[in-house]
$ cat final-v7.cif   # mmCIF, C-alpha atoms
data_model
loop_
_atom_site.group_PDB
_atom_site.id
_atom_site.type_symbol
_atom_site.label_atom_id
_atom_site.label_comp_id
_atom_site.auth_asym_id
_atom_site.auth_seq_id
_atom_site.Cartn_x
_atom_site.Cartn_y
_atom_site.Cartn_z
ATOM 1 C CA MET B 8 -26.188 184.814 133.792
ATOM 2 C CA ILE B 9 -22.458 184.225 133.283
ATOM 3 C CA ARG B 10 -21.781 185.585 136.774
ATOM 4 C CA GLY B 11 -24.199 183.002 138.214
ATOM 5 C CA LEU B 12 -22.614 180.149 136.282
ATOM 6 C CA VAL B 13 -19.110 181.172 137.346
ATOM 7 C CA SER B 14 -20.243 181.505 140.961
ATOM 8 C CA HIS B 15 -21.777 178.028 140.893
ATOM 9 C CA ALA B 16 -18.665 176.574 139.225
ATOM 10 C CA VAL B 17 -16.444 178.065 141.945
ATOM 11 C CA ALA B 18 -18.784 176.741 144.625
ATOM 12 C CA ILE B 19 -18.913 173.257 143.102
ATOM 13 C CA LEU B 20 -15.131 172.997 142.959
ATOM 14 C CA ALA B 21 -14.672 174.353 146.483
ATOM 15 C CA SER B 22 -17.397 172.166 147.955
ATOM 16 C CA VAL B 23 -16.288 168.893 146.350
ATOM 17 C CA ALA B 24 -12.665 169.612 147.281
ATOM 18 C CA THR B 25 -13.534 170.457 150.886
ATOM 19 C CA LEU B 26 -15.880 167.512 151.361
ATOM 20 C CA THR B 27 -13.342 165.124 149.825
ATOM 21 C CA VAL B 28 -10.188 166.393 151.511
ATOM 22 C CA LEU B 29 -11.476 166.786 155.087
ATOM 23 C CA PRO B 30 -12.588 163.150 155.592
ATOM 24 C CA THR B 31 -9.485 161.873 153.788
ATOM 25 C CA VAL B 32 -7.152 163.919 155.990
ATOM 26 C CA GLY B 33 -9.149 162.857 159.055
ATOM 27 C CA TYR B 34 -8.727 159.209 158.095
ATOM 28 C CA ALA B 35 -5.002 159.703 157.465
ATOM 29 C CA LEU B 36 -4.583 161.246 160.920
ATOM 30 C CA LEU B 37 -6.502 158.379 162.553
ATOM 31 C CA ALA B 38 -4.451 155.806 160.623
ATOM 32 C CA ALA B 39 -1.214 157.528 161.681
ATOM 33 C CA LEU B 40 -2.386 157.622 165.308
ATOM 34 C CA SER B 41 -3.332 153.945 165.122
ATOM 35 C CA LEU B 42 0.030 153.094 163.582
ATOM 36 C CA ALA B 43 1.867 154.990 166.317
ATOM 37 C CA THR B 44 -0.119 153.565 169.237
ATOM 38 C CA ALA B 45 -1.309 150.100 168.206
ATOM 39 C CA GLY B 46 1.097 149.259 165.418
ATOM 40 C CA GLY B 47 -1.608 148.982 162.737
ATOM 41 C CA GLY B 48 -2.597 151.708 160.321
ATOM 42 C CA GLY B 49 -5.695 150.144 158.840
ATOM 43 C CA ARG B 50 -6.107 148.032 155.741
ATOM 44 C CA PRO B 51 -4.306 149.026 152.530
ATOM 45 C CA LEU B 52 -7.567 149.097 150.560
ATOM 46 C CA ASN B 53 -8.787 151.951 152.797
ATOM 47 C CA VAL B 54 -6.196 154.199 151.165
ATOM 48 C CA ILE B 55 -8.328 153.931 148.017
ATOM 49 C CA LEU B 56 -11.801 153.475 149.508
ATOM 50 C CA VAL B 57 -11.819 156.436 151.921
ATOM 51 C CA PRO B 58 -10.930 159.101 149.317
ATOM 52 C CA ALA B 59 -13.259 157.503 146.736
ATOM 53 C CA ALA B 60 -16.180 157.326 149.170
ATOM 54 C CA SER B 61 -15.435 160.869 150.331
ATOM 55 C CA PHE B 62 -15.507 162.075 146.729
ATOM 56 C CA VAL B 63 -18.820 160.354 145.971
ATOM 57 C CA ALA B 64 -20.411 161.644 149.187
ATOM 58 C CA GLY B 65 -18.967 165.117 148.587
ATOM 59 C CA ALA B 66 -20.343 165.191 145.050
ATOM 60 C CA ALA B 67 -23.798 164.106 146.239
ATOM 61 C CA ILE B 68 -23.857 166.688 149.029
ATOM 62 C CA THR B 69 -22.632 169.339 146.581
ATOM 63 C CA LEU B 70 -25.458 168.496 144.167
ATOM 64 C CA LEU B 71 -28.014 168.820 146.977
ATOM 65 C CA SER B 72 -26.441 172.091 148.127
ATOM 66 C CA CYS B 73 -26.534 173.412 144.560
ATOM 67 C CA VAL B 74 -30.254 172.685 144.306
ATOM 68 C CA VAL B 75 -30.914 174.342 147.677
ATOM 69 C CA THR B 76 -28.847 177.355 146.578
ATOM 70 C CA LEU B 77 -30.860 177.666 143.366
ATOM 71 C CA VAL B 78 -34.048 177.681 145.457
ATOM 72 C CA ILE B 79 -32.541 180.337 147.730
ATOM 73 C CA GLN B 80 -31.568 182.410 144.681
ATOM 74 C CA TRP B 81 -35.134 182.206 143.428
ATOM 75 C CA ALA B 82 -36.462 183.189 146.874
ATOM 76 C CA ARG B 83 -34.060 186.141 146.974
ATOM 77 C CA THR B 84 -35.642 187.531 143.816
ATOM 78 C CA LYS B 85 -38.986 187.665 145.639
ATOM 79 C CA ASN B 86 -37.813 188.759 149.121
ATOM 80 C CA PRO B 87 -34.572 190.292 150.308
ATOM 81 C CA ILE B 88 -32.747 187.534 152.187
ATOM 82 C CA THR B 89 -29.334 188.315 153.616
ATOM 83 C CA VAL B 90 -26.414 185.992 153.028
ATOM 84 C CA TRP B 91 -26.381 185.027 156.715
ATOM 85 C CA ILE B 92 -29.900 183.574 156.850
ATOM 86 C CA PRO B 93 -29.057 180.347 154.933
ATOM 87 C CA ILE B 94 -25.916 179.882 157.043
ATOM 88 C CA LEU B 95 -27.855 180.170 160.292
ATOM 89 C CA PHE B 96 -30.729 178.088 158.931
ATOM 90 C CA SER B 97 -28.368 175.235 157.998
ATOM 91 C CA LEU B 98 -26.952 175.210 161.519
ATOM 92 C CA ALA B 99 -30.442 175.247 163.060
ATOM 93 C CA LEU B 100 -31.601 172.494 160.701
ATOM 94 C CA GLY B 101 -28.602 170.358 161.632
ATOM 95 C CA ALA B 102 -29.274 170.870 165.335
ATOM 96 C CA ALA B 103 -32.944 169.958 164.865
ATOM 97 C CA LEU B 104 -32.055 166.839 162.872
ATOM 98 C CA GLY B 105 -29.513 165.856 165.511
ATOM 99 C CA SER B 106 -32.070 166.331 168.272
ATOM 100 C CA LEU B 107 -34.621 164.281 166.335
ATOM 101 C CA LEU B 108 -32.063 161.534 165.812
ATOM 102 C CA ASP B 109 -31.273 161.530 169.525
ATOM 103 C CA LEU B 110 -34.976 161.345 170.349
ATOM 104 C CA LEU B 111 -35.508 158.405 167.981
ATOM 105 C CA ARG B 112 -32.405 156.482 169.022
ATOM 106 C CA GLY B 113 -32.478 157.446 172.693
ATOM 107 C CA THR B 114 -28.733 157.972 173.083
ATOM 108 C CA GLY B 115 -29.261 160.231 176.082
ATOM 109 C CA HIS B 116 -26.973 162.993 174.790
ATOM 110 C CA PRO B 117 -29.342 165.444 173.057
ATOM 111 C CA LEU B 118 -27.076 168.477 173.281
ATOM 112 C CA ARG B 119 -24.020 166.621 172.010
ATOM 113 C CA VAL B 120 -25.924 165.102 169.088
ATOM 114 C CA ALA B 121 -27.548 168.474 168.279
ATOM 115 C CA VAL B 122 -24.153 170.208 168.195
ATOM 116 C CA LEU B 123 -22.717 167.425 166.040
ATOM 117 C CA GLY B 124 -25.702 167.634 163.676
ATOM 118 C CA ALA B 125 -25.341 171.421 163.425
ATOM 119 C CA ALA B 126 -21.624 171.076 162.693
ATOM 120 C CA LEU B 127 -22.061 168.390 160.033
ATOM 121 C CA VAL B 128 -25.049 169.897 158.208
ATOM 122 C CA GLY B 129 -23.535 173.370 158.544
ATOM 123 C CA LEU B 130 -20.232 172.205 157.066
ATOM 124 C CA ALA B 131 -21.927 170.259 154.296
ATOM 125 C CA PHE B 132 -24.118 173.162 153.111
ATOM 126 C CA ASN B 133 -21.736 176.026 153.838
ATOM 127 C CA ALA B 134 -18.897 174.355 151.931
ATOM 128 C CA TYR B 135 -21.035 175.313 148.923
ATOM 129 C CA TRP B 136 -22.898 178.428 150.085
ATOM 130 C CA ILE B 137 -19.942 180.469 151.342
ATOM 131 C CA PRO B 138 -17.767 180.128 148.176
ATOM 132 C CA PHE B 139 -20.875 180.779 146.075
ATOM 133 C CA SER B 140 -21.698 183.940 148.036
ATOM 134 C CA ILE B 141 -18.117 185.218 147.935
ATOM 135 C CA ALA B 142 -17.783 184.559 144.187
ATOM 136 C CA SER B 143 -21.136 186.257 143.520
ATOM 137 C CA ALA B 144 -20.179 189.305 145.571
ATOM 138 C CA LEU B 145 -16.757 189.623 143.941
ATOM 139 C CA LEU B 146 -18.158 189.234 140.439
ATOM 140 C CA SER B 147 -20.942 191.755 141.177
ATOM 141 C CA ARG B 148 -18.421 194.293 142.376
ATOM 142 C CA ARG B 149 -16.096 193.685 139.457
ATOM 143 C CA GLY B 150 -18.818 193.925 136.859
ATOM 144 C CA GLY B 151 -20.624 196.904 138.382
ATOM 145 C CA GLY B 152 -23.560 194.771 139.515
ATOM 146 C CA ARG B 153 -26.525 193.378 137.559
ATOM 147 C CA GLY B 154 -24.293 192.265 134.687
ATOM 148 C CA ARG B 155 -23.500 195.757 133.372
ATOM 149 C CA PRO B 156 -19.842 196.632 132.799
ATOM 150 C CA ARG B 157 -18.430 199.217 135.159
ATOM 151 C CA GLU B 158 -17.744 202.613 133.671
ATOM 152 C CA VAL B 159 -14.135 203.698 133.713
ATOM 153 C CA PRO B 160 -13.671 207.241 135.110
#

$ encode --input "final-v7.cif" --output "structure tokens"
Amino acid sequence: MIRGLVSHAVAILASVATLTVLPTVGYALLAALSLATAGGGGRPLNVILVPAASFVAGAAITLLSCVVTLVIQWARTKNPITVWIPILFSLALGAALGSLLDLLRGTGHPLRVAVLGAALVGLAFNAYWIPFSIASALLSRRGGGRGRPREVP
């Protein structure tokens, strides 16, 4: 139980940090490029709004990813599911959502929108799933698995 809580705590911190920092750094790079080429780096309020909005969005996506991970954990107790299946499923789901969006909006770029959808949904979910999986594996190894302390030879 403690191993699961620690794994989720690590995943929450990693996911919120990743999903907050990446958009903020992306905005900073765009603002610097705009300042260098056009002489304007955006509005000063964006320095506060972009990180704040990134944090709120990152926290919401992390909460959703946590719920999905709990469902996956429950499913893994019933059937053996490898760690790679949720990663691949998130990419496929993102591609399908991107294709559906392209179909509804008619942008005419189904492959591009599918790849973008796969990248965004994959990043959003895997920013939680990968740290969770790594923390779970490391804590299982360290504790001898199934919560029992490892015997010292």

$ resolve_selection --input "final-v7.cif" --expression "the PyMOL selection byres ((chain B and resi 64-66) around 12)" --output "number ranges by chain"
B: 18-31, 56-63, 67-73, 130-132, 134-135

$ closest_residue --input "final-v7.cif" --among "B:Ile79, B:Ile141, B:Val54, B:Leu37" --to "Ile92 in chain B" --atoms "all atoms listed in the file"
B:Ile79

$ residues_around --input "final-v7.cif" --residues "Pro117 in chain B" --least-positions-apart "2" --cutoff "10 Å" --atoms "only C-alpha atoms" --output "list in words"
Ala102, Gly105, Ser106, Leu107, Leu108, Asp109, Leu110, Gly113, Thr114, Gly115, Arg119, Val120, Ala121, Val122 and Leu123 of chain B

$ closest_residue --input "final-v7.cif" --among "B:Gly33, B:Pro87, B:Gly124, B:Gly46" --to "Ala103 in chain B" --atoms "all atoms listed in the file"
B:Gly124

$ residues_around --input "final-v7.cif" --residues "Thr89 in chain B" --least-positions-apart "6" --cutoff "12 Å" --atoms "only C-alpha atoms" --output "PDB file with C-alpha atoms, in the frame of the given file"
ATOM      1  CA  ILE B  79     -32.541 180.337 147.730  1.00  0.00           C
ATOM      2  CA  GLN B  80     -31.568 182.410 144.681  1.00  0.00           C
ATOM      3  CA  ALA B  82     -36.462 183.189 146.874  1.00  0.00           C
ATOM      4  CA  ARG B  83     -34.060 186.141 146.974  1.00  0.00           C
ATOM      5  CA  LEU B  95     -27.855 180.170 160.292  1.00  0.00           C
ATOM      6  CA  PHE B  96     -30.729 178.088 158.931  1.00  0.00           C
ATOM      7  CA  SER B 140     -21.698 183.940 148.036  1.00  0.00           C
TER       8      SER B 140
END

$ atom_distance --input "final-v7.cif" --atom1 "CA of Gly101 in chain B" --atom2 "CA of Val74 in chain B"
17.6 Å

$ atom_distance --input "final-v7.cif" --atom1 "CA of Arg149 in chain B" --atom2 "CA of Val13 in chain B"
13.0 Å

$ residues_near_point --input "final-v7.cif" --point "(-24.9, 186.9, 135.1)" --cutoff "9 Å" --atoms "all atoms listed in the file" --output "compact mmCIF listing (two decimals) with C-alpha atoms, keeping the file's coordinate frame"
# COMPACT_ATOMS: atom_id res chain seq x y z
CA MET B 8 -26.19 184.81 133.79
CA ILE B 9 -22.46 184.22 133.28
CA ARG B 10 -21.78 185.58 136.77
CA GLY B 11 -24.20 183.00 138.21
CA LEU B 12 -22.61 180.15 136.28
CA VAL B 13 -19.11 181.17 137.35
CA LEU B 146 -18.16 189.23 140.44
CA SER B 147 -20.94 191.76 141.18
CA ARG B 153 -26.52 193.38 137.56
CA GLY B 154 -24.29 192.26 134.69

$ decode --input "final-v7.cif" --residues "range 127-148 of chain B" --atoms "N, CA and C atoms" --output "short mmCIF file (atom, residue, chain, number, x, y, z; two decimals), in the first residue's frame"
data_model
loop_
_atom_site.label_atom_id
_atom_site.label_comp_id
_atom_site.auth_asym_id
_atom_site.auth_seq_id
_atom_site.Cartn_x
_atom_site.Cartn_y
_atom_site.Cartn_z
N LEU B 127 0.34 14.62 -28.33
CA LEU B 127 -0.19 15.36 -27.19
C LEU B 127 -0.83 14.45 -26.14
N VAL B 128 -1.66 13.52 -26.57
CA VAL B 128 -2.29 12.60 -25.61
C VAL B 128 -1.23 11.68 -25.01
N GLY B 129 -0.29 11.23 -25.85
CA GLY B 129 0.79 10.38 -25.34
C GLY B 129 1.62 11.10 -24.30
N LEU B 130 1.99 12.35 -24.56
CA LEU B 130 2.76 13.12 -23.59
C LEU B 130 1.95 13.34 -22.31
N ALA B 131 0.70 13.71 -22.47
CA ALA B 131 -0.13 14.01 -21.31
C ALA B 131 -0.28 12.81 -20.39
N PHE B 132 -0.57 11.63 -20.94
CA PHE B 132 -0.74 10.44 -20.09
C PHE B 132 0.59 9.89 -19.62
N ASN B 133 1.57 9.81 -20.51
CA ASN B 133 2.83 9.18 -20.17
C ASN B 133 3.70 10.02 -19.24
N ALA B 134 3.40 11.31 -19.12
CA ALA B 134 4.08 12.13 -18.11
C ALA B 134 3.72 11.63 -16.71
N TYR B 135 2.62 10.92 -16.59
CA TYR B 135 2.23 10.31 -15.32
C TYR B 135 2.60 8.82 -15.29
N TRP B 136 2.26 8.10 -16.34
CA TRP B 136 2.40 6.64 -16.35
C TRP B 136 3.85 6.18 -16.24
N ILE B 137 4.75 6.82 -16.96
CA ILE B 137 6.15 6.36 -16.96
C ILE B 137 6.80 6.57 -15.59
N PRO B 138 6.71 7.76 -14.95
CA PRO B 138 7.28 7.87 -13.59
C PRO B 138 6.61 6.93 -12.60
N PHE B 139 5.30 6.73 -12.74
CA PHE B 139 4.61 5.79 -11.86
C PHE B 139 5.16 4.38 -12.03
N SER B 140 5.33 3.94 -13.26
CA SER B 140 5.83 2.59 -13.53
C SER B 140 7.26 2.41 -13.04
N ILE B 141 8.09 3.42 -13.26
CA ILE B 141 9.49 3.33 -12.81
C ILE B 141 9.55 3.29 -11.28
N ALA B 142 8.80 4.17 -10.63
CA ALA B 142 8.80 4.19 -9.16
C ALA B 142 8.27 2.87 -8.61
N SER B 143 7.23 2.32 -9.21
CA SER B 143 6.68 1.04 -8.75
C SER B 143 7.70 -0.08 -8.89
N ALA B 144 8.38 -0.10 -10.05
CA ALA B 144 9.37 -1.15 -10.29
C ALA B 144 10.54 -1.03 -9.32
N LEU B 145 11.03 0.19 -9.11
CA LEU B 145 12.16 0.38 -8.19
C LEU B 145 11.78 0.03 -6.76
N LEU B 146 10.60 0.42 -6.34
CA LEU B 146 10.17 0.11 -4.98
C LEU B 146 9.89 -1.38 -4.80
N SER B 147 9.42 -2.05 -5.85
CA SER B 147 9.20 -3.51 -5.78
C SER B 147 10.52 -4.23 -5.61
N ARG B 148 11.50 -3.81 -6.40
CA ARG B 148 12.81 -4.43 -6.33
C ARG B 148 13.46 -4.20 -4.98
#
